[in-house]
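Trainee: This is input26.txt (compact mmCIF, C-alpha atoms).
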```
# COMPACT_ATOMS: atom_id res chain seq x y z
CA MET A 708 0.00 0.00 0.00
CA VAL A 709 2.80 2.36 0.89
CA ALA A 710 4.45 1.35 -2.36
CA ASP A 711 1.33 2.35 -4.26
CA LEU A 712 1.14 5.72 -2.58
CA TYR A 713 4.74 6.67 -3.19
CA SER A 714 6.09 4.87 -6.24
CA ALA A 715 5.37 5.42 -9.89
CA LYS A 716 6.42 1.87 -10.79
CA VAL A 717 3.50 0.38 -8.90
CA ARG A 718 1.16 2.77 -10.65
CA GLU A 719 2.18 1.15 -13.93
CA SER A 720 1.26 -2.29 -12.64
CA ARG A 721 -2.06 -0.79 -11.63
CA ALA A 722 -2.57 0.22 -15.24
CA TYR A 723 -1.89 -3.40 -16.30
CA LEU A 724 -4.38 -4.70 -13.74
CA SER A 725 -7.07 -2.34 -14.93
CA LEU A 726 -6.31 -3.36 -18.50
CA LEU A 727 -7.29 -6.89 -17.43
CA LEU A 728 -10.50 -5.50 -15.97
CA THR A 729 -11.41 -3.36 -18.99
CA PRO A 730 -13.47 -6.08 -20.74
CA LEU A 731 -15.36 -6.59 -17.49
CA GLN A 732 -16.21 -2.90 -17.39
CA TRP A 733 -17.45 -3.07 -20.96
CA VAL A 734 -19.67 -6.04 -20.14
CA VAL A 735 -21.12 -4.22 -17.13
CA ASP A 736 -21.86 -1.23 -19.34
CA VAL A 737 -23.71 -3.29 -21.97
CA PRO A 738 -27.16 -3.35 -20.28
CA SER A 739 -27.43 0.44 -19.98
CA ARG A 740 -26.15 0.86 -23.54
CA PHE A 741 -28.71 -1.68 -24.71
CA ALA A 742 -31.50 0.03 -22.76
CA GLY A 743 -30.57 3.30 -24.41
CA GLU A 744 -30.81 1.72 -27.86
CA VAL A 745 -34.14 0.08 -27.11
CA SER A 746 -35.63 3.36 -25.95
CA ASP A 747 -34.33 4.87 -29.21
CA ILE A 748 -36.20 2.24 -31.21
CA VAL A 749 -39.54 2.21 -29.43
CA VAL A 750 -39.91 5.97 -29.22
CA ASP A 751 -43.17 7.65 -30.26
CA ARG A 752 -43.25 9.46 -33.62
CA SER A 753 -45.04 12.55 -32.32
CA LEU A 754 -42.48 12.74 -29.52
CA LEU A 755 -39.68 12.68 -32.08
CA VAL A 756 -41.33 15.42 -34.13
CA LYS A 757 -41.74 17.54 -31.03
CA GLU A 758 -38.17 16.96 -29.99
CA ASN A 759 -36.94 17.74 -33.48
CA ALA A 760 -38.78 21.06 -33.52
CA LYS A 761 -37.44 21.94 -30.11
CA LEU A 762 -33.88 21.11 -31.09
CA LYS A 763 -34.19 23.15 -34.30
CA SER A 764 -35.33 26.24 -32.45
CA GLU A 765 -32.59 25.71 -29.92
CA ALA A 766 -29.98 25.36 -32.64
CA LEU A 767 -31.20 28.59 -34.21
CA LEU A 768 -30.85 30.46 -30.94
CA LEU A 769 -27.40 29.01 -30.34
CA GLU A 770 -26.27 29.81 -33.87
CA ARG A 771 -27.25 33.41 -33.41
CA LYS A 772 -25.24 33.49 -30.19
CA VAL A 773 -22.26 31.89 -31.90
CA GLN A 774 -22.32 34.50 -34.68
CA GLN A 775 -22.17 37.20 -32.09
CA ASN A 776 -19.59 35.26 -30.16
CA ASP A 777 -17.25 34.94 -33.17
CA ALA A 778 -17.34 38.67 -33.76
CA LEU A 779 -16.79 39.40 -30.08
CA TRP A 780 -13.96 36.92 -29.89
CA LEU A 781 -12.15 38.48 -32.82
CA GLU A 782 -12.75 41.95 -31.47
CA ASN A 783 -11.44 40.89 -28.10
CA ASN A 784 -8.28 39.47 -29.67
CA ARG A 785 -7.77 42.67 -31.68
CA LEU A 786 -8.11 44.75 -28.55
CA ARG A 787 -5.67 42.51 -26.77
CA GLN A 788 -3.25 42.91 -29.64
CA LEU A 789 -3.62 46.67 -29.35
CA LEU A 790 -2.79 46.38 -25.69
CA LYS A 791 0.07 44.01 -26.53
CA GLY A 792 -1.54 41.45 -24.25
CA SER A 793 -1.35 37.73 -24.80
CA GLN A 794 -3.94 36.22 -27.07
CA ARG A 795 -6.33 33.69 -25.71
CA VAL A 796 -6.05 30.29 -27.28
CA ASP A 797 -9.13 28.25 -27.95
CA GLU A 798 -9.07 24.79 -26.39
CA ALA A 799 -9.75 21.72 -28.49
CA VAL A 800 -12.27 19.26 -27.11
CA GLU A 801 -12.87 15.60 -27.76
CA LEU A 802 -16.14 13.76 -27.25
CA VAL A 803 -15.75 10.84 -24.85
CA GLU A 804 -18.20 8.45 -23.29
CA LEU A 805 -18.72 7.42 -19.71
CA ILE A 806 -18.45 3.66 -19.26
CA GLY A 807 -18.47 3.20 -15.52
CA VAL A 808 -18.97 4.71 -12.11
CA ASN A 809 -16.86 4.02 -9.05
CA PRO A 810 -18.90 1.60 -6.88
CA ASP A 811 -17.56 3.16 -3.70
CA PRO A 812 -20.10 5.88 -2.74
CA PHE A 813 -17.46 7.73 -0.76
CA GLN A 814 -15.47 8.47 -3.88
CA HIS A 815 -16.99 10.47 -6.68
CA GLN A 816 -15.25 9.06 -9.69
CA VAL A 817 -16.33 7.98 -13.14
CA ILE A 818 -14.54 5.97 -15.80
CA ILE A 819 -14.29 7.17 -19.40
CA ASN A 820 -13.48 5.23 -22.57
CA ARG A 821 -10.16 6.94 -23.37
CA GLY A 822 -6.77 6.06 -21.98
CA SER A 823 -3.06 6.47 -22.53
CA GLU A 824 -3.46 4.94 -26.00
CA ASN A 825 -5.61 7.98 -26.85
CA ASN A 826 -3.09 10.43 -25.37
CA VAL A 827 -5.05 11.28 -22.27
CA VAL A 828 -2.92 13.21 -19.79
CA LEU A 829 -3.19 13.30 -16.00
CA GLY A 830 -5.07 16.38 -14.86
CA GLN A 831 -6.99 16.89 -18.08
CA PRO A 832 -10.32 18.65 -17.45
CA ILE A 833 -13.65 17.00 -18.31
CA LEU A 834 -16.80 18.97 -19.15
CA ASP A 835 -20.36 18.11 -20.00
CA ALA A 836 -23.07 20.21 -21.64
CA GLY A 837 -23.75 22.04 -18.37
CA GLY A 838 -20.25 22.84 -17.20
CA VAL A 839 -17.14 21.48 -15.52
CA MET A 840 -17.33 17.84 -14.35
CA GLY A 841 -13.88 17.02 -13.07
CA GLN A 842 -10.36 16.03 -13.98
CA VAL A 843 -8.49 12.88 -14.98
CA THR A 844 -6.70 11.36 -12.01
CA GLU A 845 -5.71 7.92 -13.17
CA ILE A 846 -4.89 6.52 -16.59
CA SER A 847 -5.01 2.99 -17.89
CA TYR A 848 -4.49 1.86 -21.48
CA TYR A 849 -8.02 2.20 -22.81
CA THR A 850 -9.86 3.75 -19.90
CA SER A 851 -9.17 6.46 -17.38
CA ARG A 852 -10.64 7.56 -14.11
CA VAL A 853 -12.07 11.03 -13.58
CA MET A 854 -12.45 12.64 -10.17
CA LEU A 855 -15.62 14.72 -10.07
CA ILE A 856 -15.61 18.23 -8.62
CA THR A 857 -17.89 17.07 -5.80
CA ASP A 858 -15.39 14.53 -4.46
CA ALA A 859 -14.41 15.37 -0.90
CA ARG A 860 -10.78 15.62 -1.96
CA HIS A 861 -11.33 18.00 -4.86
CA ALA A 862 -10.91 21.78 -4.94
CA LEU A 863 -11.33 24.06 -7.93
CA PRO A 864 -10.26 27.70 -8.42
CA VAL A 865 -13.35 29.69 -9.44
CA GLU A 866 -14.63 33.22 -9.73
CA ILE A 867 -18.05 34.86 -9.59
CA ASN A 868 -19.04 35.73 -13.14
CA ARG A 869 -20.81 38.95 -12.15
CA ASN A 870 -17.89 40.70 -10.48
CA GLY A 871 -14.81 38.49 -10.84
CA PHE A 872 -14.53 37.71 -7.13
CA ARG A 873 -12.03 34.86 -6.88
CA THR A 874 -12.40 31.94 -4.51
CA ILE A 875 -12.12 28.16 -4.35
CA ALA A 876 -14.95 25.63 -4.73
CA ILE A 877 -14.50 22.68 -2.39
CA GLY A 878 -16.19 19.32 -2.94
CA LYS A 879 -18.06 17.92 0.03
CA GLY A 880 -18.78 14.37 -1.06
CA GLU A 881 -22.38 15.24 -1.96
CA LEU A 882 -23.42 14.98 -5.59
CA ASP A 883 -25.54 18.15 -5.76
CA GLU A 884 -23.56 20.59 -3.67
CA LEU A 885 -20.20 22.28 -3.32
CA GLU A 886 -19.03 25.00 -0.98
CA LEU A 887 -16.99 28.15 -1.52
CA ASP A 888 -14.05 28.35 0.82
CA HIS A 889 -13.05 31.30 3.03
CA VAL A 890 -15.52 33.85 1.71
CA PRO A 891 -15.46 37.05 3.80
CA ASP A 892 -18.79 38.17 5.25
CA THR A 893 -18.63 41.35 3.23
CA ALA A 894 -17.99 39.69 -0.14
CA ASP A 895 -20.47 40.59 -2.86
CA ILE A 896 -22.09 37.21 -3.52
CA GLN A 897 -25.79 36.77 -4.12
CA GLU A 898 -28.04 33.84 -4.75
CA ASN A 899 -28.22 32.70 -8.39
CA ASP A 900 -24.80 34.13 -9.17
CA LEU A 901 -22.99 32.06 -11.78
CA VAL A 902 -19.68 30.60 -10.65
CA ILE A 903 -17.12 30.01 -13.43
CA THR A 904 -13.60 28.59 -13.54
CA SER A 905 -10.97 31.25 -13.00
CA GLY A 906 -8.21 29.40 -14.82
CA LEU A 907 -5.83 30.01 -11.94
CA GLY A 908 -3.75 27.00 -11.09
CA GLY A 909 -3.47 26.16 -14.77
CA ARG A 910 -5.41 22.92 -14.56
CA PHE A 911 -8.79 24.11 -15.88
CA PRO A 912 -9.43 26.48 -18.80
CA ARG A 913 -10.89 29.85 -17.86
CA GLY A 914 -14.53 30.79 -18.16
CA TYR A 915 -16.47 27.52 -18.05
CA PRO A 916 -19.54 27.46 -15.80
CA VAL A 917 -19.15 25.43 -12.61
CA ALA A 918 -22.16 26.10 -10.44
CA VAL A 919 -24.91 28.48 -9.40
CA VAL A 920 -24.96 29.96 -5.91
CA SER A 921 -27.89 28.38 -4.11
CA GLU A 922 -27.56 29.84 -0.64
CA VAL A 923 -25.45 32.41 1.17
CA ILE A 924 -25.43 32.14 4.96
CA ARG A 925 -23.93 35.14 6.74
CA ASP A 926 -23.68 34.28 10.41
CA PRO A 927 -22.15 37.12 12.46
CA GLY A 928 -20.81 34.53 14.86
CA GLN A 929 -18.72 32.87 12.16
CA GLN A 930 -15.53 34.20 10.65
CA PHE A 931 -16.57 33.47 7.09
CA ALA A 932 -19.81 33.37 5.17
CA ARG A 933 -21.01 29.92 4.15
CA VAL A 934 -21.77 29.84 0.43
CA ARG A 935 -23.42 26.73 -0.95
CA ILE A 936 -23.37 26.26 -4.70
CA LYS A 937 -25.09 23.78 -6.98
CA PRO A 938 -23.09 22.33 -9.88
CA THR A 939 -24.46 23.12 -13.35
CA ALA A 940 -23.06 19.93 -14.85
CA LEU A 941 -25.29 16.87 -14.55
CA LEU A 942 -22.70 14.97 -12.56
CA ASP A 943 -24.71 11.79 -12.08
CA LYS A 944 -26.58 11.76 -15.40
CA SER A 945 -24.33 12.80 -18.27
CA ARG A 946 -23.07 10.02 -20.48
CA HIS A 947 -21.41 12.01 -23.23
CA LEU A 948 -18.59 14.14 -21.92
CA LEU A 949 -16.01 16.50 -23.36
CA LEU A 950 -12.33 15.93 -22.77
CA VAL A 951 -10.49 19.25 -23.04
CA ASN A 952 -7.07 19.29 -24.65
CA MET A 953 -5.33 22.14 -22.92
CA PRO A 954 -2.62 23.97 -24.86
CA GLU A 955 0.64 22.13 -24.09
CA SER A 956 2.38 24.82 -22.11
CA LYS A 957 -0.55 25.25 -19.79
CA VAL A 958 -0.81 21.77 -18.36
CA ILE A 959 1.11 21.51 -15.13
CA PRO A 960 2.61 18.04 -14.73
CA PHE A 961 0.97 16.06 -11.98
CA GLU A 962 4.19 15.25 -10.13
CA GLU A 963 5.19 18.90 -9.89
CA VAL A 964 1.94 19.85 -8.25
CA LYS A 965 2.41 17.21 -5.62
CA MET B 384 -2.68 -28.86 -2.24
CA ASN B 385 -5.25 -31.57 -1.88
CA ALA B 386 -3.70 -34.63 -0.33
CA GLY B 387 -6.93 -36.62 -0.34
CA ALA B 388 -8.64 -38.45 -3.16
CA PRO B 389 -7.68 -37.32 -6.67
CA THR B 390 -10.15 -34.68 -7.79
CA PRO B 391 -11.06 -33.98 -11.40
CA SER B 392 -8.96 -30.93 -12.14
CA GLY B 393 -9.71 -28.10 -14.56
CA GLY B 394 -13.44 -27.47 -14.90
CA GLY B 395 -14.08 -26.74 -11.27
CA GLY B 396 -11.45 -24.03 -11.19
CA LEU B 397 -13.00 -22.28 -14.16
CA ILE B 398 -16.43 -22.35 -12.55
CA ILE B 399 -15.06 -20.84 -9.35
CA LEU B 400 -13.29 -18.19 -11.38
CA ALA B 401 -16.52 -17.48 -13.24
CA THR B 402 -18.44 -16.92 -10.00
CA PHE B 403 -15.76 -14.50 -8.86
CA LEU B 404 -15.94 -12.65 -12.18
CA VAL B 405 -19.71 -12.34 -11.81
CA GLY B 406 -19.10 -11.04 -8.29
CA LEU B 407 -16.64 -8.44 -9.60
CA MET B 408 -19.18 -7.39 -12.23
CA LEU B 409 -22.02 -7.13 -9.72
CA SER B 410 -19.85 -4.98 -7.50
CA GLN B 411 -19.42 -2.35 -10.21
CA ILE B 412 -22.86 -2.28 -11.80
CA PRO B 413 -24.04 1.32 -11.66
CA LEU B 414 -26.79 1.93 -9.11
CA PRO B 415 -28.79 5.02 -8.16
CA TYR B 416 -26.90 7.13 -5.68
CA PHE B 417 -29.00 6.30 -2.63
CA VAL B 418 -28.97 2.54 -3.29
CA GLU B 419 -25.22 2.59 -3.71
CA TRP B 420 -24.75 2.86 0.02
CA ALA B 421 -26.52 -0.48 0.42
CA ARG B 422 -24.60 -2.37 -2.28
CA PRO B 423 -23.87 -5.83 -0.88
CA GLU B 424 -20.25 -6.95 -0.81
CA TRP B 425 -20.62 -9.62 -3.49
CA VAL B 426 -16.99 -10.54 -3.80
CA ALA B 427 -16.52 -10.96 -0.06
CA MET B 428 -19.66 -13.13 0.17
CA ILE B 429 -18.66 -15.38 -2.71
CA LEU B 430 -15.20 -15.66 -1.23
CA ILE B 431 -16.63 -16.67 2.15
CA TYR B 432 -18.72 -19.37 0.48
CA TRP B 433 -15.86 -20.92 -1.46
CA VAL B 434 -13.45 -20.79 1.46
CA MET B 435 -16.09 -22.43 3.62
CA ALA B 436 -16.94 -25.12 1.09
CA LEU B 437 -13.49 -25.79 -0.38
CA PRO B 438 -10.88 -24.58 2.10
CA HIS B 439 -8.22 -26.72 0.43
CA ARG B 440 -8.62 -24.92 -2.90
CA VAL B 441 -9.68 -21.35 -2.19
CA GLY B 442 -7.67 -19.61 0.47
CA MET B 443 -5.84 -16.48 1.36
CA GLY B 444 -3.83 -16.37 -1.88
CA VAL B 445 -6.99 -16.23 -3.97
CA ALA B 446 -8.40 -13.63 -1.59
CA PHE B 447 -5.31 -11.47 -2.03
CA PHE B 448 -5.51 -11.38 -5.84
CA LEU B 449 -9.27 -10.82 -5.78
CA GLY B 450 -8.63 -7.91 -3.46
CA LEU B 451 -6.15 -6.41 -5.91
CA PHE B 452 -8.80 -6.44 -8.65
CA LEU B 453 -11.36 -4.97 -6.30
CA ASP B 454 -8.89 -2.21 -5.47
CA VAL B 455 -8.56 -1.33 -9.12
CA ILE B 456 -12.35 -1.27 -9.51
CA LYS B 457 -12.92 0.87 -6.45
CA GLY B 458 -9.96 3.10 -7.21
CA SER B 459 -8.57 2.65 -3.74
CA VAL B 460 -4.92 2.32 -2.86
CA LEU B 461 -3.61 -0.97 -4.23
CA GLY B 462 -3.69 -3.49 -1.40
CA LEU B 463 -6.48 -2.15 0.80
CA ASN B 464 -9.09 -4.66 -0.29
CA ALA B 465 -6.38 -7.28 -0.74
CA LEU B 466 -5.54 -7.02 2.94
CA SER B 467 -9.10 -6.95 4.21
CA LEU B 468 -10.20 -9.86 2.00
CA THR B 469 -7.14 -11.87 3.07
CA ILE B 470 -8.10 -11.31 6.69
CA ILE B 471 -11.68 -12.41 5.95
CA ALA B 472 -10.40 -15.53 4.21
CA PHE B 473 -8.20 -16.27 7.21
CA LEU B 474 -11.10 -15.91 9.64
CA THR B 475 -13.32 -18.08 7.47
CA LEU B 476 -10.58 -20.71 7.30
CA LEU B 477 -10.51 -20.74 11.08
CA LEU B 478 -14.30 -21.00 11.27
CA HIS B 479 -15.14 -23.13 8.25
CA GLN B 480 -15.90 -26.35 10.11
CA ARG B 481 -18.25 -24.60 12.49
CA LEU B 482 -19.81 -22.54 9.68
CA ARG B 483 -20.73 -25.71 7.79
CA MET B 484 -22.67 -26.99 10.78
CA PHE B 485 -24.64 -23.79 11.30
CA PRO B 486 -28.19 -23.38 9.97
CA VAL B 487 -28.37 -20.81 7.18
CA VAL B 488 -29.71 -18.03 9.40
CA GLN B 489 -26.84 -18.39 11.81
CA GLN B 490 -24.45 -18.47 8.84
CA ALA B 491 -25.96 -15.20 7.69
CA LEU B 492 -25.21 -13.65 11.07
CA MET B 493 -21.60 -14.80 10.81
CA VAL B 494 -21.44 -13.39 7.28
CA MET B 495 -22.68 -10.09 8.66
CA VAL B 496 -19.87 -10.04 11.19
CA LEU B 497 -17.24 -11.03 8.60
CA VAL B 498 -18.37 -8.49 6.00
CA GLY B 499 -18.63 -5.91 8.78
CA ILE B 500 -15.00 -6.56 9.68
CA ASN B 501 -14.14 -6.14 6.00
CA GLN B 502 -15.95 -2.79 5.81
CA LEU B 503 -14.41 -1.53 9.04
CA LEU B 504 -10.89 -2.45 7.94
CA PHE B 505 -11.43 -0.96 4.49
CA HIS B 506 -12.75 2.35 5.73
CA TRP B 507 -10.28 2.57 8.55
CA MET B 508 -7.45 2.23 6.04
CA GLN B 509 -9.15 4.56 3.54
CA ALA B 510 -9.09 7.17 6.28
CA PHE B 511 -5.29 6.88 6.39
CA THR B 512 -5.01 7.60 2.69
CA GLY B 513 -7.07 10.75 2.63
CA TYR B 514 -10.78 10.08 2.86
CA THR B 515 -12.56 11.25 6.01
CA GLY B 516 -16.00 9.86 6.73
CA ASP B 517 -18.35 11.09 9.40
CA ASN B 518 -21.00 8.42 9.94
CA LEU B 519 -21.44 4.68 10.17
CA ILE B 520 -23.51 4.31 7.00
CA PHE B 521 -20.63 2.40 5.39
CA LEU B 522 -21.66 -0.55 7.59
CA LEU B 523 -25.00 -0.85 5.79
CA PRO B 524 -23.62 -3.27 3.12
CA CYS B 525 -22.90 -5.91 5.80
CA LEU B 526 -26.57 -5.91 6.81
CA VAL B 527 -27.70 -6.24 3.19
CA SER B 528 -25.13 -8.96 2.59
CA ALA B 529 -26.48 -10.94 5.54
CA VAL B 530 -30.03 -10.66 4.21
CA LEU B 531 -28.93 -11.89 0.78
CA TRP B 532 -26.70 -14.67 2.11
CA PRO B 533 -29.30 -17.52 2.19
CA TRP B 534 -30.08 -17.05 -1.52
CA LEU B 535 -26.44 -16.73 -2.51
CA PHE B 536 -25.65 -19.80 -0.43
CA VAL B 537 -28.32 -21.89 -2.16
CA VAL B 538 -27.27 -20.73 -5.62
CA LEU B 539 -23.57 -21.36 -5.07
CA ARG B 540 -24.25 -24.75 -3.45
CA GLY B 541 -26.37 -25.62 -6.47
CA ILE B 542 -23.52 -24.65 -8.77
CA ARG B 543 -21.03 -26.63 -6.72
CA ARG B 544 -23.18 -29.77 -6.77
CA LEU B 545 -24.13 -29.40 -10.43
CA PHE B 546 -20.49 -29.29 -11.55
CA ARG B 547 -19.33 -31.63 -8.77
CA ILE B 548 -16.60 -29.26 -7.67
CA LYS B 549 -14.60 -30.78 -4.84
```
Would you kindly transcribe this structure into structure tokens?
Mentor:
Amino acid sequence: MVADLYSAKVRESRAYLSLLLTPLQWVVDVPSRFAGEVSDIVVDRSLLVKENAKLKSEALLLERKVQQNDALWLENNRLRQLLKGSQRVDEAVELVELIGVNPDPFQHQVIINRGSENNVVLGQPILDAGGVMGQVTEISYYTSRVMLITDARHALPVEINRNGFRTIAIGKGELDELELDHVPDTADIQENDLVITSGLGGRFPRGYPVAVVSEVIRDPGQQFARVRIKPTALLDKSRHLLLVNMPESKVIPFEEVK
Amino acid sequence: MNAGAPTPSGGGGLIILATFLVGLMLSQIPLPYFVEWARPEWVAMILIYWVMALPHRVGMGVAFFLGLFLDVIKGSVLGLNALSLTIIAFLTLLLHQRLRMFPVVQQALMVMVLVGINQLLFHWMQAFTGYTGDNLIFLLPCLVSAVLWPWLFVVLRGIRRLFRIK
């Protein structure tokens, strides 16, 4: 056990062991995959038509936003150039699929279907449609393990979107709640504020939504305000996830951080 | 290992391995969040059965390697489950002659104690490596395991008799 905690060699053997277990994980995943396909087949036609219409209108709205976004992005870069600031680089993302969940309820981890053979790197961020999900903490050959942001051992540098107030979101081991750490009583945080990644620490890209403030408790008897936030990502439901490829220079090697 | 009558080798081993594989699969099937706390410890239960029924074939070595696989599945430090399952196998080896004599209900109680020891050891050691828990809900699986034991016992005994594993 001590060897596993402190030596990299043992971690390799762990990758071999989980390679042996990979087919087992695939087999376990088959029923839910199958159920998904069946519900695709036996779906009602009117439901499909309705869904199609809804998606079309959504796509239209999003396209309009993207048009605006492109223009804004270019303008922003031009302004930055004028100010001789550094340009922001767009991150590339890759669609990955969730194939397993850690059976231990104390640890919030999921398993995705990409591993070292697909150039996954330790510490790579994972998103879903709603926002940040977590980061890669363990890599095998064809699978890797992702620690969710709600894990009790996870912390994430964030800021409040409205005013840029920086703080840290701490996981508590509950799937629908995180907490902001060391927030002064006087800090300008309100309910329904959007919390986004601040990009500090270099692990996560800047500006992705993390959570919405659900409750601010200011107790005069306490040194800090308690701020409870609710993650925007569907941590226990999403099946299709995005693996973010950070620009090379930005990823801080895992060992260095330790 | 077996000094007694020559036993038909091969087949039996594969069947035992298959039951363990099913156990490993059952222990990682995704469950709703609130049911996950009550997930029975399949691998530990199957191990207890085989050690009880065939102590000359399934012992602490098997338990150790099973534990390694369970560690990889649960993402815990390599060796946590290996150690706790080895200890369970050892205790079952000590008790196996008495366990065989017990009626099924009494066996289930013993299984509860054994799986409970497994859970306690596992979470105690998890606490060393970073996780801090605050309640005793992690003991729930041992209760569920005990409730399921009679059925598991009957099924595994059926398998053992069907394939004449000795």
Trainee: For chain B against chain A, which residues fall within 7 Å using all atoms listed in the file, given as a VMD selection string?
Mentor: chain B and resid 408 410 to 413 419 to 420 452 455 to 457 460 to 463
Trainee: Considering only C-alpha atoms, return as a PyMOL selection string whatever protein or nucleic-acid residues lie within 10 Å of Ile903 of chain A, sequence-local ones (same chain, fewer than 2 positions apart) excluded.
Mentor: chain A and resi 838-839+863-869+871+873+876+900-901+905-906+913-919
Trainee: Quick one: 6 Å padding each side, axis-aligned, all listed atoms of segment 807-820 of chain A - centre and edge lengths in Å to one decimal, as AutoDock Vina command-line options?
Mentor:
```
--center_x -16.8 --center_y 6.0 --center_z -11.7 --size_x 18.6 --size_y 20.9 --size_z 33.8
```
Trainee: Using all atoms listed in the file, which protein or nucleic acid residues come within 10 Å of Val530 of chain B? Drop anything in the same chain fewer than 3 positions from it, and give the result as a short mmCIF file (atom, residue, chain, number, x, y, z; two decimals) with C-alpha atoms, in the coordinates of the input.
Mentor:
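Saved to out_23.cif:
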```cif
data_model
loop_
_atom_site.label_atom_id
_atom_site.label_comp_id
_atom_site.auth_asym_id
_atom_site.auth_seq_id
_atom_site.Cartn_x
_atom_site.Cartn_y
_atom_site.Cartn_z
CA PRO B 423 -23.87 -5.83 -0.88
CA VAL B 488 -29.71 -18.03 9.40
CA ALA B 491 -25.96 -15.20 7.69
CA LEU B 492 -25.21 -13.65 11.07
CA VAL B 494 -21.44 -13.39 7.28
CA MET B 495 -22.68 -10.09 8.66
CA PRO B 524 -23.62 -3.27 3.12
CA CYS B 525 -22.90 -5.91 5.80
CA LEU B 526 -26.57 -5.91 6.81
CA VAL B 527 -27.70 -6.24 3.19
CA PRO B 533 -29.30 -17.52 2.19
CA TRP B 534 -30.08 -17.05 -1.52
CA LEU B 535 -26.44 -16.73 -2.51
#
```
Trainee: Would you mind listing what lies within 10 Å of Val434 of chain B as a list in words, with only C-alpha atoms counted and same-chain residues fewer than 3 positions away left out?
Mentor: Met428, Ile429, Leu430, Ile431, Leu437, Pro438, His439, Arg440, Val441, Gly442, Met443, Val445, Ala446, Ile471, Ala472, Phe473, Leu474, Thr475, Leu476, Leu478 and His479 of chain B
Trainee: Which one is closest to Leu948 of chain A: A:Leu755, A:Val803, A:Val923, A:Ile846? Count only C-alpha atoms.
Mentor: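 Result for the nearest residue to Leu948 of chain A: A:Val803.
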Trainee: Quote the spacing between atom CA of Trp433 of chain B and atom CA of Val537 of chain B in Å to one decimal place.
Mentor: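 So the two atoms, atom CA of Trp433 of chain B and atom CA of Val537 of chain B, lie 12.5 Å apart.
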Trainee: Counting all atoms listed in the file, find residues at most 6 Å from (-25.1, 26.1, -0.7) (file frame) and give them as an MDAnalysis selection string.
Mentor: chainID A and resid 921:922 934:936
Trainee: What is the distance, in Å and to one decimal place, between atom CA of Glu719 of chain A and atom CA of Ser823 of chain A?
Mentor: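 Straight-line distance from atom CA of Glu719 of chain A to atom CA of Ser823 of chain A works out to 11.4 Å.
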Trainee: Would you mind reading off the distance between atom CA of Ile520 of chain B and atom CA of Leu453 of chain B, one decimal, in Å?
Mentor: 20.3 Å
